[in-house]
$ cat run39.csv   # CSV, C-alpha atoms
chain,number,residue,atom,x,y,z
S,556,MET,CA,46.7,-11.1,103.4
S,557,SER,CA,50.3,-10.9,102.5
S,558,ASP,CA,51.6,-9.5,99.3
S,559,LEU,CA,52.8,-12.9,98.4
S,560,GLU,CA,49.4,-14.4,98.7
S,561,ALA,CA,47.8,-11.6,96.7
S,562,VAL,CA,50.3,-12.3,93.8
S,563,ALA,CA,49.8,-16.0,93.9
S,564,ARG,CA,46.0,-15.9,93.9
S,565,PRO,CA,44.6,-16.1,90.3
S,566,ARG,CA,42.5,-13.2,89.1
S,567,GLY,CA,39.0,-13.4,87.3
S,568,ARG,CA,38.8,-13.6,83.4
S,569,PRO,CA,37.0,-10.3,82.3
S,570,ASP,CA,36.8,-11.5,78.5
S,571,ARG,CA,34.9,-14.6,79.3
S,572,GLY,CA,32.0,-15.0,76.6
S,573,PHE,CA,33.6,-12.6,74.1
S,574,ALA,CA,34.2,-15.4,71.5
S,575,LEU,CA,30.4,-16.2,71.6
S,576,ALA,CA,29.5,-12.6,71.0
S,577,VAL,CA,31.9,-12.3,68.1
S,578,SER,CA,30.6,-15.6,66.6
S,579,ILE,CA,27.0,-14.4,66.8
S,580,PHE,CA,28.0,-11.0,65.3
S,581,ALA,CA,29.8,-12.8,62.5
S,582,LEU,CA,26.8,-15.0,61.8
S,583,VAL,CA,24.6,-11.9,61.7
S,584,ILE,CA,26.9,-10.3,59.2
S,585,ILE,CA,27.1,-13.4,57.1
S,586,ALA,CA,23.3,-13.8,57.2
S,587,GLY,CA,22.9,-10.2,56.1
S,588,LEU,CA,25.4,-10.7,53.3
S,589,VAL,CA,23.6,-13.9,52.2
S,590,THR,CA,20.2,-12.2,52.4
S,591,GLY,CA,21.5,-9.1,50.5
S,592,THR,CA,23.0,-11.3,47.9
S,593,PHE,CA,19.8,-13.3,47.6
S,594,LEU,CA,17.7,-10.1,47.3
S,595,ALA,CA,20.1,-8.6,44.8
S,596,ALA,CA,20.0,-11.8,42.7
S,597,ARG,CA,16.3,-11.9,42.9
S,598,GLN,CA,16.1,-8.2,41.9
S,599,GLU,CA,18.5,-8.9,39.0
S,600,LEU,CA,16.3,-11.8,37.9
S,601,LYS,CA,13.2,-9.6,38.0
S,602,ILE,CA,14.9,-6.9,36.0
S,603,GLY,CA,16.1,-9.5,33.5
S,604,LEU,CA,12.6,-11.0,33.2
S,605,ASN,CA,11.1,-7.6,32.8
S,606,SER,CA,13.7,-6.6,30.2
S,607,ARG,CA,13.0,-9.8,28.3
S,608,SER,CA,9.3,-9.1,28.4
S,609,ALA,CA,9.8,-5.6,27.3
S,610,MET,CA,12.0,-6.7,24.4
S,611,LYS,CA,9.4,-9.3,23.5
S,612,ALA,CA,6.7,-6.7,23.5
S,613,PHE,CA,8.9,-4.3,21.4
S,614,SER,CA,9.7,-7.1,18.9
S,615,ALA,CA,6.0,-7.9,18.6
S,616,GLY,CA,5.1,-4.2,18.1
S,617,GLU,CA,7.9,-3.8,15.5
S,618,ALA,CA,6.6,-6.9,13.7
S,619,GLY,CA,3.1,-5.5,13.6
S,620,LEU,CA,4.4,-2.3,12.1
S,621,ASN,CA,6.4,-4.2,9.4
S,622,ALA,CA,3.5,-6.5,8.7
S,623,THR,CA,1.2,-3.5,8.2
S,624,VAL,CA,3.6,-1.9,5.7
S,625,ALA,CA,4.2,-5.2,3.9
S,626,GLN,CA,0.5,-6.1,3.7
S,627,TRP,CA,-0.8,-2.6,3.1
S,628,ASP,CA,-4.6,-2.6,2.8
S,629,TYR,CA,-5.5,-0.5,-0.3
S,630,ALA,CA,-8.9,0.2,1.4
S,631,TRP,CA,-7.0,2.5,3.7
S,632,ASN,CA,-6.2,4.7,0.7
S,633,ASN,CA,-9.8,5.8,0.7
S,634,LEU,CA,-10.0,6.8,4.4
S,635,ALA,CA,-11.1,10.4,5.0
S,636,THR,CA,-8.5,12.7,6.5
S,637,GLY,CA,-8.4,12.2,10.2
S,638,ALA,CA,-10.2,8.8,10.0
S,639,THR,CA,-8.8,5.7,11.7
S,640,ALA,CA,-8.8,2.0,10.9
S,641,THR,CA,-7.7,-1.0,12.8
S,642,ILE,CA,-4.8,-3.0,11.5
S,643,PRO,CA,-5.0,-6.9,11.6
S,644,THR,CA,-3.8,-8.4,14.8
S,645,GLY,CA,-1.1,-11.0,14.7
S,646,THR,CA,1.3,-13.2,16.8
S,647,LEU,CA,5.0,-13.3,16.7
S,648,ALA,CA,6.4,-16.7,17.7
S,649,ASN,CA,8.0,-16.7,21.1
S,650,SER,CA,7.5,-13.0,21.5
S,651,GLY,CA,3.9,-11.9,21.8
S,652,THR,CA,1.0,-10.4,19.9
S,653,TYR,CA,0.4,-7.1,18.2
S,654,SER,CA,-2.6,-4.8,17.3
S,655,GLY,CA,-2.9,-1.2,16.4
S,656,THR,CA,-4.4,1.5,14.2
S,657,VAL,CA,-3.7,3.4,11.0
S,658,ARG,CA,-4.7,7.0,10.8
S,659,ARG,CA,-4.9,9.2,7.7
S,660,LEU,CA,-3.2,12.6,8.2
S,661,ASN,CA,-3.6,14.1,4.8
S,662,ASN,CA,-3.8,12.9,1.1
S,663,GLU,CA,-0.4,11.4,1.2
S,664,LEU,CA,0.6,10.7,4.9
S,665,PHE,CA,-0.5,8.1,7.3
S,666,LEU,CA,0.4,7.4,11.0
S,667,VAL,CA,0.6,3.7,11.9
S,668,GLN,CA,0.7,2.7,15.6
S,669,ALA,CA,1.4,-0.9,16.5
S,670,VAL,CA,1.1,-2.0,20.2
S,671,GLY,CA,3.1,-5.1,21.1
S,672,THR,CA,2.1,-7.3,24.1
S,673,ALA,CA,4.6,-9.7,25.7
S,674,GLU,CA,4.0,-13.4,25.3
S,675,ARG,CA,3.5,-14.5,29.0
S,676,ASP,CA,3.3,-11.1,30.8
S,677,THR,CA,0.3,-9.4,29.1
S,678,SER,CA,0.8,-6.4,31.4
S,679,VAL,CA,3.9,-5.4,29.4
S,680,HIS,CA,3.2,-3.3,26.3
S,681,ARG,CA,5.4,-1.4,23.9
S,682,THR,CA,4.1,0.9,21.2
S,683,VAL,CA,5.9,1.7,18.0
S,684,ALA,CA,4.7,4.3,15.5
S,685,SER,CA,5.6,5.2,12.0
S,686,LEU,CA,4.8,7.9,9.4
S,687,LEU,CA,4.0,6.4,6.0
S,688,ARG,CA,3.7,8.1,2.6
S,689,LEU,CA,1.7,6.7,-0.3
S,690,GLU,CA,4.1,5.5,-3.0
S,691,GLN,CA,2.0,6.3,-6.1
S,692,ILE,CA,2.7,4.5,-9.3
S,693,LEU,CA,4.0,6.9,-11.9
S,694,MET,CA,2.3,6.9,-15.3
S,695,ASN,CA,2.9,9.7,-17.8
S,696,PHE,CA,-0.2,10.1,-19.9
S,697,ASN,CA,0.4,13.0,-22.3
S,698,ALA,CA,-2.8,12.5,-24.4
S,699,ALA,CA,-6.1,10.8,-24.3
S,700,LEU,CA,-4.7,8.1,-26.6
S,701,THR,CA,-1.1,7.2,-27.1
S,702,VAL,CA,-0.2,4.6,-29.8
S,703,ARG,CA,2.9,3.4,-31.6
S,704,GLY,CA,1.4,1.9,-34.7
S,705,ASN,CA,-0.9,3.0,-37.6
S,706,THR,CA,-4.2,4.3,-36.3
S,707,THR,CA,-7.7,4.8,-37.7
S,708,VAL,CA,-10.1,7.2,-36.1
S,709,GLY,CA,-13.5,7.8,-37.6
S,710,GLY,CA,-17.2,7.2,-37.5
S,711,SER,CA,-18.9,8.8,-34.5
S,712,SER,CA,-16.0,8.2,-32.2
S,713,MET,CA,-14.1,10.9,-30.2
S,714,LEU,CA,-10.7,11.3,-28.7
S,715,ASP,CA,-10.8,14.1,-26.2
S,716,GLY,CA,-7.7,15.6,-24.7
S,717,ARG,CA,-9.5,18.1,-22.6
S,718,ASP,CA,-9.2,17.3,-18.9
S,719,ILE,CA,-12.8,16.4,-17.9
S,720,PRO,CA,-13.9,15.0,-14.6
S,721,PRO,CA,-16.0,11.8,-15.1
S,722,THR,CA,-19.7,12.2,-15.0
S,723,GLY,CA,-21.0,12.4,-11.4
S,724,TRP,CA,-17.5,12.5,-9.8
S,725,SER,CA,-18.2,15.6,-7.7
S,726,ALA,CA,-14.9,15.3,-5.7
S,727,CYS,CA,-12.8,16.0,-8.7
S,728,PRO,CA,-11.3,19.5,-9.2
S,729,THR,CA,-12.9,21.6,-11.9
S,730,THR,CA,-10.5,24.5,-12.1
S,731,GLY,CA,-6.9,24.7,-13.2
S,732,LEU,CA,-7.3,21.8,-15.6
S,733,ASP,CA,-5.1,21.4,-18.6
S,734,THR,CA,-5.9,20.4,-22.2
S,735,LEU,CA,-3.7,17.7,-23.8
S,736,PRO,CA,-3.6,16.4,-27.3
S,737,GLY,CA,-6.3,14.0,-28.3
S,738,ILE,CA,-3.7,11.5,-29.7
S,739,ILE,CA,0.0,11.1,-29.8
S,740,LEU,CA,1.7,8.7,-32.3
S,741,PRO,CA,5.1,8.4,-33.9
S,742,SER,CA,3.9,9.4,-37.4
S,743,THR,CA,0.7,10.0,-39.2
S,744,VAL,CA,2.0,8.1,-42.3
S,745,GLY,CA,-0.2,5.1,-42.8
S,746,SER,CA,-2.9,6.4,-40.3
S,747,SER,CA,-6.3,7.7,-41.1
S,748,ILE,CA,-7.5,10.2,-38.5
S,749,ASP,CA,-10.6,12.3,-38.9
S,750,LEU,CA,-9.8,15.6,-37.1
S,751,GLY,CA,-13.5,16.1,-36.5
S,752,ASN,CA,-13.3,13.2,-34.2
S,753,VAL,CA,-10.4,14.6,-32.1
S,754,ALA,CA,-10.4,17.4,-29.5
S,755,GLY,CA,-7.3,18.7,-27.8
S,756,ASP,CA,-4.6,21.3,-28.0
S,757,PRO,CA,-3.2,20.4,-30.4
S,758,LYS,CA,-5.5,17.7,-31.6
S,759,VAL,CA,-2.7,15.4,-32.9
S,760,VAL,CA,1.0,15.3,-31.9
S,761,THR,CA,3.6,13.2,-33.7
S,762,ASP,CA,6.5,12.0,-31.5
S,763,PRO,CA,9.1,9.8,-33.2
S,764,THR,CA,10.8,9.2,-29.8
S,765,ILE,CA,8.0,6.9,-28.6
S,766,ASN,CA,9.5,3.6,-27.6
S,767,ASP,CA,9.1,0.7,-25.1
S,768,SER,CA,9.8,2.9,-22.1
S,769,THR,CA,6.8,5.0,-23.0
S,770,PHE,CA,4.5,2.1,-22.5
S,771,PHE,CA,6.3,-0.3,-20.1
S,772,LYS,CA,8.3,1.9,-17.7
S,773,PHE,CA,6.4,3.5,-14.7
S,774,GLY,CA,8.8,5.4,-12.5
S,775,ASP,CA,10.8,2.8,-10.6
S,776,LEU,CA,8.6,0.0,-11.9
S,777,ASP,CA,8.6,-1.9,-15.2
S,778,TRP,CA,5.8,-3.9,-16.8
S,779,ASN,CA,6.7,-7.2,-15.1
S,780,GLU,CA,6.8,-5.6,-11.7
S,781,LEU,CA,3.5,-3.8,-12.2
S,782,VAL,CA,1.7,-7.0,-13.4
S,783,ALA,CA,3.1,-8.8,-10.4
S,784,MET,CA,1.1,-6.4,-8.2
S,785,ALA,CA,-2.2,-7.3,-10.0
S,786,THR,CA,-5.1,-8.1,-7.7
S,787,VAL,CA,-7.3,-9.4,-10.5
S,788,THR,CA,-6.0,-11.8,-13.3
S,789,GLY,CA,-7.7,-13.3,-16.3
S,790,SER,CA,-6.9,-15.0,-19.6
S,791,ALA,CA,-8.0,-14.7,-23.2
S,792,SER,CA,-11.8,-14.9,-23.5
S,793,ASN,CA,-14.6,-13.6,-25.6
S,794,ASN,CA,-17.4,-11.2,-24.7
S,795,ILE,CA,-16.8,-10.8,-21.0
S,796,HIS,CA,-19.1,-8.5,-19.0
S,797,PRO,CA,-17.2,-7.0,-16.0
S,798,GLY,CA,-19.3,-5.5,-13.2
S,799,PRO,CA,-19.3,-4.9,-9.5
S,800,VAL,CA,-20.2,-7.8,-7.2
S,801,GLY,CA,-21.0,-7.2,-3.6
S,802,THR,CA,-23.4,-5.4,-1.2
S,803,SER,CA,-23.9,-1.9,0.1
S,804,THR,CA,-21.1,-2.5,2.6
S,805,SER,CA,-18.9,-5.2,1.1
S,806,CYS,CA,-17.2,-6.1,-2.2
S,807,THR,CA,-16.5,-9.6,-3.5
S,808,THR,CA,-12.9,-9.1,-4.6
S,809,THR,CA,-12.4,-12.8,-5.3
S,810,ASN,CA,-14.5,-12.5,-8.5
S,811,ASN,CA,-12.1,-11.8,-11.4
S,812,LEU,CA,-14.9,-10.0,-13.3
S,813,ASN,CA,-15.5,-7.6,-10.4
S,814,TRP,CA,-13.5,-4.5,-11.5
S,815,GLY,CA,-15.1,-2.1,-9.0
S,816,ASP,CA,-18.0,0.4,-9.3
S,817,PRO,CA,-17.1,3.7,-10.9
S,818,ARG,CA,-20.7,5.0,-11.1
S,819,LYS,CA,-21.8,8.0,-9.0
S,820,PRO,CA,-24.0,7.1,-7.3
S,821,PRO,CA,-22.7,3.6,-7.3
S,822,VAL,CA,-24.7,0.6,-8.3
S,823,VAL,CA,-22.9,-1.6,-5.6
S,824,ALA,CA,-21.8,0.9,-2.9
S,825,GLY,CA,-19.4,-1.6,-1.3
S,826,CYS,CA,-17.3,-1.6,-4.5
S,827,ALA,CA,-17.1,2.2,-5.0
S,828,THR,CA,-13.7,2.3,-3.4
S,829,TYR,CA,-12.3,-0.8,-5.0
S,830,PHE,CA,-9.7,0.0,-7.6
S,831,PRO,CA,-8.0,-3.3,-8.7
S,832,ILE,CA,-5.0,-3.7,-10.8
S,833,ILE,CA,-6.3,-6.0,-13.6
S,834,HIS,CA,-3.9,-8.1,-15.6
S,835,TRP,CA,-5.3,-9.9,-18.6
S,836,THR,CA,-3.0,-12.4,-20.4
S,837,GLY,CA,-3.7,-12.8,-24.1
S,838,ASN,CA,-6.4,-10.8,-25.8
S,839,LEU,CA,-9.2,-9.0,-24.0
S,840,ASN,CA,-12.6,-9.1,-25.7
S,841,VAL,CA,-15.2,-7.2,-23.7
S,842,SER,CA,-18.8,-6.0,-24.4
S,843,GLN,CA,-20.9,-4.2,-21.9
S,844,GLY,CA,-20.0,-3.8,-18.2
S,845,MET,CA,-17.8,-1.4,-16.3
S,846,GLY,CA,-14.8,-1.1,-14.1
S,847,GLN,CA,-12.2,1.1,-12.5
S,848,GLY,CA,-8.5,0.8,-11.5
S,849,ILE,CA,-5.5,-0.1,-13.7
S,850,LEU,CA,-6.1,-2.3,-16.8
S,851,LEU,CA,-3.0,-4.1,-18.2
S,852,VAL,CA,-3.5,-6.4,-21.2
S,853,ASP,CA,-0.7,-8.5,-22.7
S,854,GLY,CA,-2.4,-8.8,-26.1
S,855,ASP,CA,-5.1,-6.8,-27.9
S,856,ILE,CA,-8.1,-5.0,-26.5
S,857,GLU,CA,-11.3,-5.3,-28.5
S,858,VAL,CA,-14.3,-3.5,-27.1
S,859,GLN,CA,-17.9,-3.7,-28.4
S,860,GLY,CA,-21.2,-2.4,-27.1
S,861,GLN,CA,-21.5,-0.4,-23.9
S,862,PHE,CA,-18.4,-0.7,-21.8
S,863,GLU,CA,-16.9,1.9,-19.4
S,864,PHE,CA,-13.6,2.0,-17.7
S,865,TYR,CA,-12.1,4.6,-15.4
S,866,GLY,CA,-8.4,4.8,-14.9
S,867,PRO,CA,-5.2,4.0,-17.0
S,868,VAL,CA,-5.5,1.4,-19.7
S,869,ILE,CA,-2.3,-0.1,-21.3
S,870,ALA,CA,-2.3,-2.8,-24.0
S,871,ARG,CA,0.8,-4.4,-25.4
S,872,GLY,CA,-1.1,-5.1,-28.5
S,873,HIS,CA,-3.6,-2.9,-30.4
S,874,LEU,CA,-6.9,-1.3,-29.5
S,875,ARG,CA,-10.1,-1.8,-31.4
S,876,SER,CA,-13.2,-0.1,-30.2
S,877,THR,CA,-16.5,-0.2,-32.1
S,878,GLY,CA,-20.2,0.0,-31.4
S,879,THR,CA,-22.0,2.5,-29.1
S,880,GLY,CA,-21.5,3.5,-25.5
S,881,ASN,CA,-17.9,2.6,-25.1
S,882,HIS,CA,-16.1,5.1,-22.9
S,883,PHE,CA,-12.6,5.3,-21.4
S,884,TRP,CA,-12.1,7.9,-18.7
S,885,GLY,CA,-8.5,8.6,-17.9
S,886,GLY,CA,-6.1,7.6,-20.7
S,887,VAL,CA,-5.3,4.7,-23.0
S,888,MET,CA,-1.9,3.5,-24.4
S,889,ALA,CA,-1.7,0.8,-27.1
S,890,ALA,CA,1.9,-0.3,-27.6
S,891,ASP,CA,1.3,-2.3,-30.8
S,892,VAL,CA,4.3,-4.5,-30.2
S,893,ASP,CA,3.4,-6.2,-33.5
S,894,LEU,CA,2.7,-2.8,-35.2
S,895,GLU,CA,-0.9,-3.7,-35.9
S,896,GLN,CA,-3.6,-1.3,-36.8
S,897,ASN,CA,-5.4,0.6,-34.0
S,898,THR,CA,-9.1,1.2,-34.8
S,899,VAL,CA,-11.4,3.6,-33.0
S,900,LEU,CA,-14.8,3.7,-34.7
S,901,GLY,CA,-18.4,3.9,-33.8
S,902,ASN,CA,-19.6,5.8,-30.7
S,903,ALA,CA,-16.3,5.2,-28.9
S,904,VAL,CA,-14.9,7.9,-26.6
S,905,VAL,CA,-11.5,8.2,-25.0
S,906,SER,CA,-11.5,11.1,-22.6
S,907,TYR,CA,-8.4,12.3,-20.8
S,908,SER,CA,-9.2,12.8,-17.1
S,909,SER,CA,-6.4,13.6,-14.6
S,910,CYS,CA,-8.9,12.9,-11.8
S,911,ALA,CA,-9.7,9.4,-13.0
S,912,LEU,CA,-6.0,8.6,-13.4
S,913,THR,CA,-5.0,10.0,-10.0
S,914,THR,CA,-7.9,8.3,-8.2
S,915,ALA,CA,-7.1,4.9,-9.7
S,916,LEU,CA,-3.4,5.2,-9.1
S,917,ARG,CA,-3.8,6.4,-5.6
S,918,GLY,CA,-6.2,3.5,-4.9
S,919,ASN,CA,-3.3,1.2,-5.7
S,920,ALA,CA,-0.5,3.0,-4.0
S,921,PRO,CA,1.2,1.1,-1.2
S,922,GLY,CA,2.2,2.8,2.0
S,923,ARG,CA,6.0,3.2,2.5
S,924,MET,CA,8.0,4.4,5.5
S,925,LEU,CA,9.6,7.8,5.2
S,926,ARG,CA,13.3,7.6,4.6
S,927,SER,CA,14.1,10.0,7.5
S,928,ARG,CA,12.6,9.7,11.0
S,929,SER,CA,10.2,7.1,9.7
S,930,TRP,CA,9.4,5.5,13.1
S,931,ALA,CA,9.8,5.9,16.8
S,932,GLU,CA,8.8,4.2,20.0
S,933,VAL,CA,5.9,5.9,21.8
S,934,PHE,CA,6.0,6.1,25.6

$ encode --input "run39.csv" --output "structure tokens"
Amino acid sequence: MSDLEAVARPRGRPDRGFALAVSIFALVIIAGLVTGTFLAARQELKIGLNSRSAMKAFSAGEAGLNATVAQWDYAWNNLATGATATIPTGTLANSGTYSGTVRRLNNELFLVQAVGTAERDTSVHRTVASLLRLEQILMNFNAALTVRGNTTVGGSSMLDGRDIPPTGWSACPTTGLDTLPGIILPSTVGSSIDLGNVAGDPKVVTDPTINDSTFFKFGDLDWNELVAMATVTGSASNNIHPGPVGTSTSCTTTNNLNWGDPRKPPVVAGCATYFPIIHWTGNLNVSQGMGQGILLVDGDIEVQGQFEFYGPVIARGHLRSTGTGNHFWGGVMAADVDLEQNTVLGNAVVSYSSCALTTALRGNAPGRMLRSRSWAEVF
């Protein structure tokens, strides 16, 4: 073959099929990118859904915590230290459900744990916990009886400022107790007080600074705010006979003449830890019966016969107690807004008792979150 023939003869194409390989490789790369994008989008969707479920569960748990604080069950105030109770379950619209517990840590502190569950994914839970302290109502009783108007004390009655635990209340401290005056009033002028019917140190104290704040201001609360917290309400009536209504394990709190059971041992065990705030509009006329808690009366209090009450008693009007067997454990204030005459005659006894006051006030103390580090999410 001549050189001319070799040059003229066409050579083979070594890159034949390269375009196909490049196309296939490009398709593979594109498919990989599409698949990766799809997987990433799917993963992002799952993360978003999980985050939404987690937030729903967290919102439900936080709602459960806030609901527990806002709707504090005063029965929890009587839990033993270390004891646990179940909080009411609930549902938060478009978020989920909550449940949880409240545990008493000491006399003042509680730990509330609320577990939130997501609305549609019930496998997602978030737990929120908070430390709560009892916000006790502040009432300053500086004597067995505090009045602002003229007062008569006589007969076989007794005003006793010595700090005495109520009969049968074995849980009350018996040491380190103070003795207060039997009665405090602005002036003894116009009053008739038989000192033989008064015990205390001193027996009688005159305090001309007594004013409305003495009777109607309770720490951060005033009279209207306190009566708004009442769990039992009633109106002017004659000869009512309060008494516990319930069983050995339950208390009928819907009955406005059920003021708890202060007896030890109790007559109705289910009402032994029931300390209502009782608000009576108008005058209260009571004969026989018993109760415990906080008694607030817009008008006068007239007590006849055998009646016992354990806890603070405050009347905007005057106090009249006659007959035998009447006994107030804790402290009594009669504001006498119309400056009427207070009368304590017969076998009436008003005994100062810090234990009765503290127990009744603690029984009505709501739980409040601590101002610092009040809550945290529990993992």

$ closest_atom_pairs --input "run39.csv" --of "region 731-764 of chain S" --to "region 714-720 of chain S" --cutoff "8 Å" --atoms "only C-alpha atoms" --output "tab-separated table"
residue	atom	partner	partner_atom	distance
S:Leu732	CA	S:Asp718	CA	5.9
S:Asp733	CA	S:Asp718	CA	5.8
S:Thr734	CA	S:Arg717	CA	4.3
S:Leu735	CA	S:Gly716	CA	4.6
S:Pro736	CA	S:Gly716	CA	4.9
S:Gly737	CA	S:Gly716	CA	4.2
S:Ile738	CA	S:Leu714	CA	7.1
S:Asn752	CA	S:Leu714	CA	6.4
S:Val753	CA	S:Leu714	CA	4.7
S:Ala754	CA	S:Asp715	CA	4.7
S:Gly755	CA	S:Gly716	CA	4.4
S:Asp756	CA	S:Gly716	CA	7.3
S:Lys758	CA	S:Gly716	CA	7.5

$ residues_around --input "run39.csv" --residues "Val782 (chain S)" --least-positions-apart "2" --cutoff "12 Å" --atoms "only C-alpha atoms" --output "number ranges by chain"
S: 771-773, 776-780, 784-789, 831-836, 849-853, 869

$ atom_distance --input "run39.csv" --atom1 "CA of Leu700 (chain S)" --atom2 "CA of Leu812 (chain S)"
24.7 Å

$ atom_distance --input "run39.csv" --atom1 "CA of Met610 (chain S)" --atom2 "CA of Thr656 (chain S)"
21.0 Å

$ residues_around --input "run39.csv" --residues "Gly922 (chain S)" --least-positions-apart "3" --cutoff "7 Å" --atoms "all atoms listed in the file" --output "ChimeraX atom specification"
/S:624,627,687-690

$ write_last_selection --input "run39.csv" --atoms "C-alpha atoms" --output "PDB file, in the frame of the given file"
ATOM      1  CA  VAL S 624       3.600  -1.900   5.700  1.00  0.00           C
ATOM      2  CA  TRP S 627      -0.800  -2.600   3.100  1.00  0.00           C
ATOM      3  CA  LEU S 687       4.000   6.400   6.000  1.00  0.00           C
ATOM      4  CA  ARG S 688       3.700   8.100   2.600  1.00  0.00           C
ATOM      5  CA  LEU S 689       1.700   6.700  -0.300  1.00  0.00           C
ATOM      6  CA  GLU S 690       4.100   5.500  -3.000  1.00  0.00           C
TER       7      GLU S 690
END

$ closest_residue --input "run39.csv" --among "S:Val679, S:Val583, S:Val899, S:Cys826" --to "Ser746 (chain S)" --atoms "all atoms listed in the file"
S:Val899

$ atom_distance --input "run39.csv" --atom1 "CA of Arg923 (chain S)" --atom2 "CA of Pro728 (chain S)"
26.5 Å

$ closest_residue --input "run39.csv" --among "S:Ser742, S:Thr590, S:Gln859, S:Ser685" --to "Glu617 (chain S)" --atoms "only C-alpha atoms"
S:Ser685

$ closest_residue --input "run39.csv" --among "S:Pro763, S:Gly901, S:Gly723, S:Gly837" --to "Pro820 (chain S)" --atoms "all atoms listed in the file"
S:Gly723

$ closest_residue --input "run39.csv" --among "S:Ile692, S:Val892, S:Val823, S:Met924" --to "Phe770 (chain S)" --atoms "only C-alpha atoms"
S:Val892

$ residues_near_point --input "run39.csv" --point "(7.0, -8.9, 20.8)" --cutoff "7 Å" --atoms "only C-alpha atoms" --output "count of residues only"
14

$ residues_around --input "run39.csv" --residues "Gly774 (chain S)" --least-positions-apart "5" --cutoff "10 Å" --atoms "only C-alpha atoms" --output "list in words"
Gln691, Ile692, Leu693, Met694, Asn695 and Ser768 of chain S

$ write_last_selection --input "run39.csv" --atoms "C-alpha atoms" --output "short mmCIF file (atom, residue, chain, number, x, y, z; two decimals), keeping the file's coordinate frame"
data_model
loop_
_atom_site.label_atom_id
_atom_site.label_comp_id
_atom_site.auth_asym_id
_atom_site.auth_seq_id
_atom_site.Cartn_x
_atom_site.Cartn_y
_atom_site.Cartn_z
CA GLN S 691 2.00 6.30 -6.10
CA ILE S 692 2.70 4.50 -9.30
CA LEU S 693 4.00 6.90 -11.90
CA MET S 694 2.30 6.90 -15.30
CA ASN S 695 2.90 9.70 -17.80
CA SER S 768 9.80 2.90 -22.10
#

$ residues_around --input "run39.csv" --residues "Asn632 (chain S)" --least-positions-apart "2" --cutoff "7 Å" --atoms "all atoms listed in the file" --output "list in words"
Tyr629, Ala630, Leu634, Arg917 and Gly918 of chain S

$ closest_residue --input "run39.csv" --among "S:Arg926, S:Arg703, S:Arg658, S:His873" --to "Ala684 (chain S)" --atoms "only C-alpha atoms"
S:Arg658

$ build_atoms --input "run39.csv" --residues "region 636-647 of chain S" --atoms "N, CA and C atoms" --output "short mmCIF file (atom, residue, chain, number, x, y, z; two decimals), in the coordinates of the input"
data_model
loop_
_atom_site.label_atom_id
_atom_site.label_comp_id
_atom_site.auth_asym_id
_atom_site.auth_seq_id
_atom_site.Cartn_x
_atom_site.Cartn_y
_atom_site.Cartn_z
N THR S 636 -9.52 12.13 5.64
CA THR S 636 -8.50 12.70 6.50
C THR S 636 -8.93 12.80 7.92
N GLY S 637 -8.10 12.25 8.82
CA GLY S 637 -8.40 12.20 10.20
C GLY S 637 -9.10 10.91 10.66
N ALA S 638 -9.53 10.08 9.69
CA ALA S 638 -10.20 8.80 10.00
C ALA S 638 -9.17 7.76 10.42
N THR S 639 -9.63 6.80 11.22
CA THR S 639 -8.80 5.70 11.70
C THR S 639 -9.33 4.38 11.42
N ALA S 640 -8.46 3.43 11.09
CA ALA S 640 -8.80 2.00 10.90
C ALA S 640 -7.98 1.14 11.71
N THR S 641 -8.46 -0.05 11.98
CA THR S 641 -7.70 -1.00 12.80
C THR S 641 -6.89 -1.93 11.92
N ILE S 642 -5.63 -2.14 12.31
CA ILE S 642 -4.80 -3.00 11.50
C ILE S 642 -5.04 -4.48 12.00
N PRO S 643 -4.81 -5.47 11.15
CA PRO S 643 -5.00 -6.90 11.60
C PRO S 643 -4.10 -7.24 12.73
N THR S 644 -4.65 -7.97 13.67
CA THR S 644 -3.80 -8.40 14.80
C THR S 644 -3.00 -9.64 14.35
N GLY S 645 -1.94 -9.91 15.09
CA GLY S 645 -1.10 -11.00 14.70
C GLY S 645 -0.26 -11.49 15.92
N THR S 646 0.44 -12.60 15.74
CA THR S 646 1.30 -13.20 16.80
C THR S 646 2.66 -13.43 16.25
N LEU S 647 3.65 -13.02 17.03
CA LEU S 647 5.00 -13.30 16.70
C LEU S 647 5.53 -14.43 17.56
#
